[in-house]
Number of protein chains: 2
Amino acid sequence: MRILLTNDDGIYAKGIEAIHLSLAAEHDVTVVAPETEQSAVGHAITFLDPLRVKPVQRNGQFFGYALSGTPADCVKIAITELMKPPPQVVVSGINLGANVGVNVIYSGTVSAATEAAVLGVPSVAVSMDSFDATDFSSATEFIPKLLRLLEQRGLPAGVTLNVNVPNVPYSRVRGVRITHQGGMRAVETYDRRSDPRGAVYYWLRNKAILADPHVDADSTVLSRDYISVTPIHHDLTDYPLIDTLKTWGL
Amino acid sequence: MRILLTNDDGIYAKGIEAIHLSLAAEHDVTVVAPETEQSAVGHAITFLDPLRVKPVQRNGQFFGYALSGTPADCVKIAITELMKPPPQVVVSGINLGANVGVNVIYSGTVSAATEAAVLGVPSVAVSMDSFDATDFSSATEFIPKLLRLLEQRGLPAGVTLNVNVPNVPYSRVRGVRITHQGGMRAVETYDRRSDPRGAVYYWLRNKAILADPHVDADSTVLSRDYISVTPIHHDLTDYPLIDTLKTWGL
């Protein structure tokens with residue numbers, strides 16, 4: 001397949017190199033990824049500034065194109081301008097850090113994949129439940145298998161598969177579960193500090209994790225060393241509430 | 001009610017001043033808004049950099065607090081740190097430019113409201129279908145009415161009301177419709193240009209609008225001079241697809 005590969009940790013990250021290696025043997029892979037780390041940028045799009053594209057080498061070989069923009073920018077410019085014909089599937093990752101629960105809405109990794117779905121290209125976001133992983137095999141073994149199935153079965157327009165893999169070697173993964181986006185979220189606080197001139201600033205800090213105990217939640221499955229696959233889309237409508245609001249007499 | 005007011009056009013924008021004027025007569029309103037324009041930042045959150053808060057005057061009076069961050073940052077820091085007790089409702093807007101169809105996922109205005117819902121505070125995003133409106137009455141007359149109903153009826157946890165108002169005076173609004181987020185989207189292209197030194201850059205351009213003809217879509221209702229109210233949430237799961245994926249044999 002013609003694959004566009006991107007991420008939000010930036011084109012020089014370890015995760016994108018690992019997944020590139022596992023996909024390039026079997027597929028026609030084009031890398032367009034942010035020049036610098038873009039974590040937690042959500043679905044930001046650059047339109048007030050110009051974007052620049054530059055070829056990047058890794059290990060002495062051409063690796064892909066670095067873009068001076070966000071993950072969603074990478075997908076938009078690759079599909080509409082740089083790749084002709086456009087890709088058949090977009091893979092975003094491997095992100096360091098799980099994208100489960102409420103984290104999904106902050107994630108540049110997931111937003112890149114969602115942007116592909118908006119533009120009509122099926123997509124897969126893949127994140128690992130670790131900030132310092134060195135063994136990416138649970139992703140690099142699983143994703144090629146998932147892509148083969150995706151090619152056979154197809155996905156409805158607008159759908160992204162949000163994949164999270166545990167931080168264990170593939171041989172120790174206990175299985176795969178189809179999940180829903182759970183309610184897990186970080187409870188956050190701000191540190192209030194003073195700079196060297198005495199001026200106050202604030203810095204965001206995670207205080208605790210509020211778990212979602214549901215057995216089919218993405219975070220639950222992942223914490224039990226299963227791979228979590230959640231189908232997601234970008235229609236945010238809360239359909240059950242429509243009828244309620246109609247009774248408000250607006 | 002104790003209201004947190006924010007936006008994505010920045011604390012000096014006309015829209016936030018107009019809605020502030022209409023809400024402050026009846027409610028206890030605190031403004032925490034981005035220091036600079038933050039359009040299309042989506043749900044970006046700042047955690048790699050510190051944030052600064054500074055008081056801002058408008059028309060010679062204290063107006064609110066400017067934050068060196070994104071709309072979602074404003075809501076997060078206001079609810080968890082700056083406002084004690086926290087607000088009962090968050091209002092984000094008035095944005096210049098409709099947030100309907102796929103635009104919803106790029107919108108800083110909507111993401112600010114979604115962040116409030118994540119943190120358990122009901123919220124309303126309000127956008128006007130114009131980039132250069134001067135008469136904001138369709139929003140400034142409707143939103144106070146909506147807030148009175150919201151206070152009486154309540155909203156389930158995690159829900160945001162995404163309100164879009166037509167660019168006509170309130171007296172010419174044809175009514176209110178409860179809608180779903182439609183499929184309207186911009187068809188985009190990139191201009192490929194050369195800078196004065198001959199280096200190539202790209203700039204995002206809207207080529208056309210792909211409409212959603214559905215009679216209950218947000219964009220359809222808005223274009224007919226009705227106010228559109230869409231209940232939205234942040235669970236992106238595509239539930240109908242879960243059973244399909246279970247048959248893939250992953």
# chains A, B, ... in the order shown; residues from 1 in each chain; ligands from 1

$ select_by_dssp --residues "stretch 78-143 of chain B" --states "helix (DSSP H, G or I)" --output "ChimeraX atom specification"
/B:78-82,101-106,108-118,137-140,142-143

$ closest_atom_pairs --of "chain A" --to "chain B" --cutoff "6 Å" --atoms "only C-alpha atoms" --output "Markdown table"
| residue | atom | partner | partner_atom | distance |
| --- | --- | --- | --- | --- |
| A:Ala40 | CA | B:Ala44 | CA | 5.5 |
| A:Val41 | CA | B:Ala44 | CA | 4.0 |
| A:Gly42 | CA | B:His43 | CA | 4.6 |
| A:His43 | CA | B:Gly42 | CA | 4.7 |
| A:Ala44 | CA | B:Val41 | CA | 4.0 |
| A:Ile45 | CA | B:Ala40 | CA | 5.6 |
| A:Phe47 | CA | B:Leu204 | CA | 5.5 |
| A:Pro50 | CA | B:Trp203 | CA | 4.8 |
| A:Leu51 | CA | B:Tyr202 | CA | 5.0 |
| A:Arg52 | CA | B:Tyr201 | CA | 4.9 |
| A:Tyr106 | CA | B:His43 | CA | 5.6 |
| A:His180 | CA | B:Thr237 | CA | 5.6 |
| A:Gln181 | CA | B:Thr237 | CA | 5.7 |
| A:Tyr201 | CA | B:Arg52 | CA | 4.9 |
| A:Tyr202 | CA | B:Leu51 | CA | 5.0 |
| A:Trp203 | CA | B:Pro50 | CA | 4.8 |
| A:Leu204 | CA | B:Phe47 | CA | 5.5 |
| A:Pro231 | CA | B:Asp238 | CA | 5.3 |
| A:Ile232 | CA | B:Thr237 | CA | 4.4 |
| A:His233 | CA | B:Leu236 | CA | 5.6 |
| A:Leu236 | CA | B:Ile232 | CA | 5.1 |
| A:Thr237 | CA | B:Ile232 | CA | 4.4 |
| A:Asp238 | CA | B:Ile232 | CA | 4.8 |

$ residues_around --residues "B:Val89" --least-positions-apart "6" --cutoff "10 Å" --atoms "only C-alpha atoms" --output "JSON list (two decimals) with C-alpha atoms, in the first residue's frame"
[["chain", "number", "residue", "atom", "x", "y", "z"],
["B", 1, "MET", "CA", -24.43, 32.62, 37.88],
["B", 2, "ARG", "CA", -20.65, 32.61, 38.20],
["B", 3, "ILE", "CA", -19.49, 32.63, 34.59],
["B", 4, "LEU", "CA", -16.04, 32.16, 33.10],
["B", 5, "LEU", "CA", -15.84, 33.95, 29.77],
["B", 29, "VAL", "CA", -18.47, 37.24, 35.00],
["B", 113, "ALA", "CA", -15.80, 24.94, 25.91],
["B", 116, "ALA", "CA", -14.74, 23.02, 30.61],
["B", 117, "ALA", "CA", -16.98, 20.00, 30.02],
["B", 120, "GLY", "CA", -17.16, 18.98, 34.85],
["B", 121, "VAL", "CA", -18.40, 22.50, 34.11],
["B", 122, "PRO", "CA", -21.26, 22.94, 31.60],
["B", 123, "SER", "CA", -20.30, 25.17, 28.70],
["B", 124, "VAL", "CA", -21.47, 27.10, 25.69],
["B", 147, "LEU", "CA", -28.12, 30.46, 30.07],
["B", 150, "LEU", "CA", -29.39, 25.95, 31.16],
["B", 151, "GLU", "CA", -29.54, 27.01, 34.81]]

$ atom_distance --atom1 "atom CA of B:Ala133" --atom2 "atom CA of B:Pro169"
10.3 Å

$ residues_around --residues "A:Ser219" --least-positions-apart "3" --cutoff "9 Å" --atoms "only C-alpha atoms" --output "VMD selection string"
chain A and resid 98 to 101 164 179 181 to 184 211 to 214 216 222 to 224 228

$ residues_around --residues "B:Ile19" --least-positions-apart "5" --cutoff "8 Å" --atoms "only C-alpha atoms" --output "ChimeraX atom specification"
/B:93-94,139-140

$ atom_distance --atom1 "atom CA of B:Ala186" --atom2 "atom CA of B:Leu96"
16.6 Å
